[in-house]
Amino acid sequence: MIRLQHVSKSYLGHKALDDVSIDFTKGKVTGIVGENGSGKSTSLKLMAGLVRPSKGSVLIDEEPTNRQISRIVAYMSELDQVPPFFTVGESLNFASTQFPDFDREQAEEILAFMKLEKTQKVKHLSKGNRGRLKMALTMARNAPYILLDEPFSGLDPMVRNSIVKGLIKFVDLEKQALIITTHEIREIEPILDEVIAIRKGKILSHNTVDGIREEGRDVVEWLEDIYGSGEGYGA
Ligand SMILES: Nc1ncnc2c1ncn2[C@@H]1O[C@H](COP(=O)(O)OP(=O)(O)OP(=O)(O)O)[C@@H](O)[C@H]1O
């Protein structure tokens, strides 16, 4: 389990997260949503051990996070992570040397699903295809915790739906937790179990998708009620 307990994170006196407590358990897909600058990426970086909390604790399987937590946490950042001079195949080979849980067979399947050729140079890929490659390399790990930061942002809206639905097949929810930050809530709603809405570093609401539907709403309507329709979740 990932456990954030009273976590605050400040950058130069600016609070990016403010007294956040959440648990993430295996077997669930959780979406973290919120407007720009609300603290979504910061939450994932804390869980990936890349930044330290200013207050509170982040524990994964009861272990405080630091950079070594990448052993059990597969993290896809918003930034380009793959050296541009690699080919797609070389980036796969490199990732397999970095992580003992990297599943080459699964990586090959995801690359095929993403329609990426191993001979393509990373620097020649479009932004959307670089995003697909990052996603493939992260999802190919059999890590118990998978964190994806804005994985669908560069993708053509026409293919987002099928990629979202296809990707979930590569997650073993008996053994893994998937946590996704996103603005594309409509597309990922079908695969979500829970949604966390944040604003200005605080959790506004945390609900199960089933709970929201039982109240007769979809997730977009629920978000509009929380944020007001100005945030554009209904677009
Ligand atoms: N390294 C940093 N140094 C200073 N301020 C930072 C740093 N990283 C994030 N921040 C600030 O912390 C706040 C939260 O940023 P964060 O990237 O977590 O938001 P986000 O919800 O992921 O936003 P977006 O949707 O735009 O990606 C913002 O005000 C941001 O400017």
# chains A, B, ... in the order shown; residues from 1 in each chain; ligands from 1
$ residues_around --residues "region 27-43 of chain A" --least-positions-apart "6" --cutoff "6 Å" --atoms "only C-alpha atoms" --output "JSON, numbers by chain"
{"A": [16, 17, 173, 174, 176, 177, 178, 179, 180, 181, 182, 192, 193, 194, 195, 196, 197, 198, 199, 200, 201]}
$ residues_around --residues "Ala143 (chain A)" --least-positions-apart "5" --cutoff "12 Å" --atoms "only C-alpha atoms" --output "PyMOL selection string"
chain A and resi 26+69-75+99-103+137-138+170-178
$ select_by_dssp --residues "region 6-221 of chain A" --states "helix (DSSP H, G or I)" --output "ChimeraX atom specification"
/A:40-47,67-71,88-98,104-113,122-124,127-139,157-170,185-191,209-214,219-221
$ write_last_selection --atoms "C-alpha atoms" --output "PDB file, in the first residue's frame"
ATOM      1  CA  LYS A  40      -0.943  16.329  -9.236  1.00  0.00           C
ATOM      2  CA  SER A  41       2.633  15.847 -10.496  1.00  0.00           C
ATOM      3  CA  THR A  42       4.039  16.695  -7.090  1.00  0.00           C
ATOM      4  CA  SER A  43       1.953  13.883  -5.544  1.00  0.00           C
ATOM      5  CA  LEU A  44       3.386  11.349  -7.994  1.00  0.00           C
ATOM      6  CA  LYS A  45       6.964  12.617  -7.561  1.00  0.00           C
ATOM      7  CA  LEU A  46       6.594  12.159  -3.807  1.00  0.00           C
ATOM      8  CA  MET A  47       5.402   8.589  -4.327  1.00  0.00           C
ATOM      9  CA  ARG A  67      15.126   7.091  -4.975  1.00  0.00           C
ATOM     10  CA  GLN A  68      15.589   3.362  -4.283  1.00  0.00           C
ATOM     11  CA  ILE A  69      11.814   2.987  -4.204  1.00  0.00           C
ATOM     12  CA  SER A  70      11.979   2.783  -8.031  1.00  0.00           C
ATOM     13  CA  ARG A  71      12.604  -0.928  -7.321  1.00  0.00           C
ATOM     14  CA  VAL A  88      12.869   2.216 -29.867  1.00  0.00           C
ATOM     15  CA  GLY A  89      14.510  -1.233 -29.609  1.00  0.00           C
ATOM     16  CA  GLU A  90      17.563   0.185 -27.828  1.00  0.00           C
ATOM     17  CA  SER A  91      15.373   2.001 -25.334  1.00  0.00           C
ATOM     18  CA  LEU A  92      13.633  -1.287 -24.603  1.00  0.00           C
ATOM     19  CA  ASN A  93      17.026  -3.021 -24.127  1.00  0.00           C
ATOM     20  CA  PHE A  94      18.171  -0.217 -21.835  1.00  0.00           C
ATOM     21  CA  ALA A  95      15.018  -0.329 -19.692  1.00  0.00           C
ATOM     22  CA  SER A  96      15.414  -4.101 -19.333  1.00  0.00           C
ATOM     23  CA  THR A  97      18.910  -3.600 -17.862  1.00  0.00           C
ATOM     24  CA  GLN A  98      17.622  -1.002 -15.372  1.00  0.00           C
ATOM     25  CA  ARG A 104      10.468  -8.060 -22.382  1.00  0.00           C
ATOM     26  CA  GLU A 105       7.634 -10.123 -23.795  1.00  0.00           C
ATOM     27  CA  GLN A 106       5.044  -7.716 -22.434  1.00  0.00           C
ATOM     28  CA  ALA A 107       7.132  -4.766 -23.722  1.00  0.00           C
ATOM     29  CA  GLU A 108       7.110  -6.255 -27.236  1.00  0.00           C
ATOM     30  CA  GLU A 109       3.331  -6.730 -27.038  1.00  0.00           C
ATOM     31  CA  ILE A 110       2.782  -3.158 -25.885  1.00  0.00           C
ATOM     32  CA  LEU A 111       5.065  -1.777 -28.613  1.00  0.00           C
ATOM     33  CA  ALA A 112       3.053  -3.696 -31.208  1.00  0.00           C
ATOM     34  CA  PHE A 113      -0.198  -2.451 -29.672  1.00  0.00           C
ATOM     35  CA  VAL A 122      13.427   8.177 -30.673  1.00  0.00           C
ATOM     36  CA  LYS A 123      14.393  11.654 -31.933  1.00  0.00           C
ATOM     37  CA  HIS A 124      12.357  11.031 -35.093  1.00  0.00           C
ATOM     38  CA  LYS A 127       5.372  13.853 -29.500  1.00  0.00           C
ATOM     39  CA  GLY A 128       2.446  11.438 -29.336  1.00  0.00           C
ATOM     40  CA  ASN A 129       4.657   8.486 -30.240  1.00  0.00           C
ATOM     41  CA  ARG A 130       7.311   9.488 -27.707  1.00  0.00           C
ATOM     42  CA  GLY A 131       4.466   9.438 -25.167  1.00  0.00           C
ATOM     43  CA  ARG A 132       3.440   5.965 -26.345  1.00  0.00           C
ATOM     44  CA  LEU A 133       7.016   4.737 -25.948  1.00  0.00           C
ATOM     45  CA  LYS A 134       7.313   6.123 -22.401  1.00  0.00           C
ATOM     46  CA  MET A 135       4.029   4.475 -21.520  1.00  0.00           C
ATOM     47  CA  ALA A 136       5.131   1.143 -23.048  1.00  0.00           C
ATOM     48  CA  LEU A 137       8.411   1.139 -21.097  1.00  0.00           C
ATOM     49  CA  THR A 138       6.641   1.926 -17.822  1.00  0.00           C
ATOM     50  CA  MET A 139       3.763  -0.513 -18.278  1.00  0.00           C
ATOM     51  CA  PRO A 157      -8.154  12.329 -29.201  1.00  0.00           C
ATOM     52  CA  MET A 158      -9.248   9.843 -31.896  1.00  0.00           C
ATOM     53  CA  VAL A 159      -7.008   7.084 -30.486  1.00  0.00           C
ATOM     54  CA  ARG A 160      -7.099   7.947 -26.778  1.00  0.00           C
ATOM     55  CA  ASN A 161     -10.122   5.792 -26.097  1.00  0.00           C
ATOM     56  CA  SER A 162      -8.709   2.665 -27.663  1.00  0.00           C
ATOM     57  CA  ILE A 163      -5.296   3.183 -26.054  1.00  0.00           C
ATOM     58  CA  VAL A 164      -6.812   3.657 -22.618  1.00  0.00           C
ATOM     59  CA  LYS A 165      -8.926   0.509 -22.959  1.00  0.00           C
ATOM     60  CA  GLY A 166      -6.055  -1.484 -24.507  1.00  0.00           C
ATOM     61  CA  LEU A 167      -3.548  -0.505 -21.857  1.00  0.00           C
ATOM     62  CA  ILE A 168      -5.575  -1.756 -18.959  1.00  0.00           C
ATOM     63  CA  LYS A 169      -5.100  -5.286 -20.359  1.00  0.00           C
ATOM     64  CA  PHE A 170      -1.418  -4.976 -19.490  1.00  0.00           C
ATOM     65  CA  ILE A 185     -11.145  12.336 -17.464  1.00  0.00           C
ATOM     66  CA  ARG A 186     -13.856  11.430 -19.958  1.00  0.00           C
ATOM     67  CA  GLU A 187     -11.588   8.993 -21.778  1.00  0.00           C
ATOM     68  CA  ILE A 188     -10.220   7.302 -18.694  1.00  0.00           C
ATOM     69  CA  GLU A 189     -13.444   7.094 -16.719  1.00  0.00           C
ATOM     70  CA  PRO A 190     -14.179   3.545 -17.997  1.00  0.00           C
ATOM     71  CA  ILE A 191     -11.022   2.142 -16.391  1.00  0.00           C
ATOM     72  CA  VAL A 209     -16.579   5.626  -9.509  1.00  0.00           C
ATOM     73  CA  ASP A 210     -19.279   3.120  -8.511  1.00  0.00           C
ATOM     74  CA  GLY A 211     -20.333   5.449  -5.681  1.00  0.00           C
ATOM     75  CA  ILE A 212     -20.578   8.377  -8.104  1.00  0.00           C
ATOM     76  CA  ARG A 213     -22.655   6.316 -10.558  1.00  0.00           C
ATOM     77  CA  GLU A 214     -24.946   5.114  -7.801  1.00  0.00           C
ATOM     78  CA  VAL A 219     -17.420  11.354 -13.191  1.00  0.00           C
ATOM     79  CA  VAL A 220     -17.481  14.459 -15.397  1.00  0.00           C
ATOM     80  CA  GLU A 221     -20.743  15.611 -13.800  1.00  0.00           C
TER      81      GLU A 221
END
$ closest_residue --among "A:Ile60, A:Leu116, A:Leu148, A:Leu125" --to "ligand 1" --atoms "only C-alpha atoms and all ligand atoms"
A:Leu148
$ closest_residue --among "A:Asp23, A:Glu62, A:Asp18, A:Glu215" --to "ligand 1" --atoms "only C-alpha atoms and all ligand atoms"
A:Asp18
$ atom_distance --atom1 "CA of Pro144 (chain A)" --atom2 "CA of Met76 (chain A)"
14.2 Å
$ closest_residue --among "A:Ile203, A:Ile22, A:Ser57, A:His183" --to "ligand 1" --atoms "only C-alpha atoms and all ligand atoms"
A:His183
$ closest_residue --among "A:Val82, A:Ala48, A:Leu12, A:Ile146" --to "ligand 1" --atoms "only C-alpha atoms and all ligand atoms"
A:Leu12
$ closest_residue --among "A:Lys202, A:Lys121, A:Arg3, A:Arg217" --to "ligand 1" --atoms "only C-alpha atoms and all ligand atoms"
A:Lys202
$ select_by_dssp --residues "region 13-204 of chain A" --states "strand (DSSP E or B)" --output "count of residues only"
51
$ atom_distance --atom1 "CA of Asp61 (chain A)" --atom2 "CA of His14 (chain A)"
29.3 Å
$ closest_residue --among "A:Gly13, A:Gly49, A:Pro83, A:Gly216" --to "ligand 1" --atoms "only C-alpha atoms and all ligand atoms"
A:Gly13
$ residues_around --residues "Ser54 (chain A)" --least-positions-apart "6" --cutoff "8 Å" --atoms "only C-alpha atoms" --output "JSON list (two decimals) with C-alpha atoms, in the first residue's frame"
[["chain", "number", "residue", "atom", "x", "y", "z"],
["A", 7, "VAL", "CA", 1.94, 15.32, 3.58],
["A", 8, "SER", "CA", 2.82, 18.90, 2.71],
["A", 9, "LYS", "CA", 5.33, 19.89, 0.06],
["A", 10, "SER", "CA", 6.61, 23.44, -0.33]]
$ atom_distance --atom1 "atom 3 (N, counted along the ligand's line) of ligand 1" --atom2 "CA of Pro151 (chain A)"
21.4 Å
